[in-house]
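Participant: Submitted below is the structure of interest, expressed as structure tokens.
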Amino acid sequence: MISMKNVYKKYPNGIVAANGINVEIKQGEFVYVVGPSGAGKSTFIKMMYREERPTSGDLIVNGINMAKLQSKRVPYLRRQIGVVFQDFKLLPRLNVYENVAFALEVIEETPKVIRKRVMEVLDLVGLKHKARMFPTELSGGEQQRVSIARSIVNVPKVVIADEPTGNLDPETSWDIMNLFEEINRRGTTIVMATHNKEIVNTMRHRVIAVEGGLIVRDEHGGEYGYES
Amino acid sequence: MKARTLSRHFRESFKSLARNSWMTFASASAVTVTLLLVGVFVMIMMNLNKVADDLEKDVEIKVLVELTADEAMIAQLDEKINAVEGVGSVVYSTKEAELEDLIKDFGKNMGLSEQNNPLRAAFYVKATDPLDTEAVAKKINRIENVYSVEYGEMQIKKLFSFLDLSRNVGLGLILALLFTAMFLISNTIRITIVARGREIEIMKLVGATNWFVRIPFILEGMWIGILGAILPMTLVSVLYYNLFNAAQPYLKGEMFELLPLTPFLYQVNGLILVMGIFIGVWGSFMSVRKFLRV
């Protein structure tokens with residue numbers, strides 16, 4: 001599913017955020033990416049949906065080599081993966097329904113299919129009744145649900161989440177995590193960067209710890225391992 | 001691209017116009033002001049050109065024939081003038097005809113009559129290219145039996161250089177105006193888009209291609225251009241219509257005329273519309289460009 005071989009990333013300002021990363025993630029896995037701030041966690045995640053490009057090495061997602069992917073092919077890659085962000089990244093001028101539908105309009109889906117799929121995923125995240133509301137009228141947790149609905153609406157094989165609970169209170173965070181569990185149960189691979197010790201230690205999954213641009217720990221059912 | 005995607009882009013562009021009504025108004029106003037200036041200017045320039053052309057066409061050389069020349073010599077002279085390089089048309093006028101013209105212009109009470117005709121027979125010569133008038137006149141002057149040539153030397157030179165100058169200055173001004181307009185509109189549209197830079201970023205992260213993001217903005221620019229062109233088109237039409245109708249009676253029989261309404265108004269309005277669309281589309285295109293690198 002996802003495979004990194006000697007991935008090296010150096011930013012123009014000289015900071016090395018990935019210093020030869022090797023990792024394999026299989027279809028259907030649930031992976032936490034943990035580590036202190038500035039350790040390369042974000043870069044690790046961002047390279048997977050090609051917001052950042054590896055300086056050298058191979059990074060293969062769903063059979064596509066990101067290091068060699070042409071810029072104009074990037075949109076097509078992003079349609080095969082769902083991305084969830086800490087700050088939700090919803091389109092402020094569109095309502096809940098339109099935000100989710102956007103991911104399908106982009107792939108030129110028929111209106112009939114769009115309607116059906118959007119209502120399905122809104123039902124899954126429990127926001128069917130708020131389809132006509134705008135993002136500013138929703139709570140943080142609800143906005144994140146919309147963002148999750150958008151990420152899975154075109155049935156991607158993998159969902160990449162960058163600190164999805166970072167802006168949410170603990171209770172809401174558990175709801176969101178349950179949603180990710182449910183999505184994972186349906187067979188979708190999930191890669192999630194997180195700072196939430198409690199969640200990692202309770203909902204046990206594979207843990208990849210990144211420090212200084214290297215993977216320092218990789219264990220199934222591991223613990224968070226840092227004092228938060 | 002599928003038809004439904006295109007119709008989606010159209011819907012989006014209208015939605016965006018409506019949701020950003022103030023920015024739409026500001027951009028369209030900027031287009032309006034510029035196109036109005038350009039329109040009036042083009043109107044003046046095209047008419048000035050017409051006047052210049054008319055005047056140029058009217059420039060002729062009057063070749064006066066020696067009094068001693070008999071009919072055979074005049075026929076020979078006619079041939080020789082026709083043979084001069086650059087000569088377009090030659091019209092012969094006998095001394096009697098010349099007298100008639102003079103009497104027509106000034107009346108009979110000048111004591112002129114057929115018996116007492118001091119005038120000379122004349123050839124009226126036009127050069128194929130009005131700008132060659134001077135050279136042609138000089139060549140004709142050297143031919144036998146030519147008494148003298150008249151062509152208003154200094155006046156012609158001044159007229160031609162004035163017309164040339166005004167044409168170039170006008171063209172330069174129109175170009176400068178267009179350039180300013182594009183900057184103005186590009187900036188106005190950019191302000192709306194800066195606010196939407198984040199939206200563009202999100203669209204791209206969800207997998208929208210550059211064209212998918214761009215097309216609604218470009219269509220929006222096109223609508224702004226069309227909206228902005230409506231007022232200038234109307235004003236220029238009304239203005240020229242009235243001007244033409246007011247000026248036409250006075251210009252009848254003069255050496256020059258204004259451009260007739262029918263092809264001219266279509267041309268000017270077409271030009272304004274096309275320029276409006278071009279400015280709007282170009283402005284949007286340039287402004288979106290920098291936000292597409294996500």
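Ordered as shown in the structure tokens, chains take letters A, B, and onward, while each chain numbers its residues from 1 and ligands are numbered from 1 in the order shown.
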Name all residues at most 9 Å from region 120-122 of chain A (count only C-alpha atoms; drop same-chain ones fewer than 3 positions away) and give them as a list in words.
Facilitator: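 Near region 120-122 of chain A, the qualifying residues are Val96, Tyr97, Val100, Arg115, Lys116, Arg117, Val125, Gly126, Leu127, Lys128, His129, Lys130, Ala131, Arg145, Val146, Ile148, Ala149, Arg150, Ile152 and Val153 of chain A.
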Participant: Using only C-alpha atoms, determine which residues lie at most 9 Å from Val31 (chain B), disregarding the query and same-chain residues fewer than 6 positions distant; provide the list as a ChimeraX atom specification.
Facilitator: /B:181-182,184-185,224-229,276,279-280
Participant: Could you give me the residues within chain A that DSSP places in strand (DSSP E), as an MDAnalysis selection string?
Facilitator: chainID A and resid 2:10 16:25 30:34 56:61 64:65 81:84 158:162 189:193 206:211 214:219
Participant: Distance cut-off 7 Å, counting only C-alpha atoms - which residues of chain A neighbour chain B? Return them as an MDAnalysis selection string.
Facilitator: chainID A and resid 51 75:76 78:79 89 91 103 106 108
Participant: Go ahead and save the residues from that selection, with C-alpha atoms, as a compact mmCIF listing (two decimals), in the first residue's frame.
Facilitator:
```txt
# COMPACT_ATOMS: atom_id res chain seq x y z
CA GLU A 51 2.25 18.40 -0.42
CA PRO A 75 -4.61 15.91 -8.57
CA TYR A 76 -5.26 12.40 -9.86
CA ARG A 78 -5.07 12.96 -4.43
CA ARG A 79 -8.36 11.50 -5.62
CA LYS A 89 -9.91 22.72 5.60
CA LEU A 91 -14.61 25.48 1.88
CA ALA A 103 -14.65 15.73 -3.93
CA VAL A 106 -13.85 17.00 -9.14
CA GLU A 108 -16.93 14.39 -12.75
```
Participant: Compare A:Ile60, A:Ile107, A:Val31, A:Val155 by their minimum atom-to-atom distance to Met203 (chain A), counting only C-alpha atoms, and give me the closest one.
Facilitator: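 Distance minimum relative to Met203 (chain A) lands on A:Val31.
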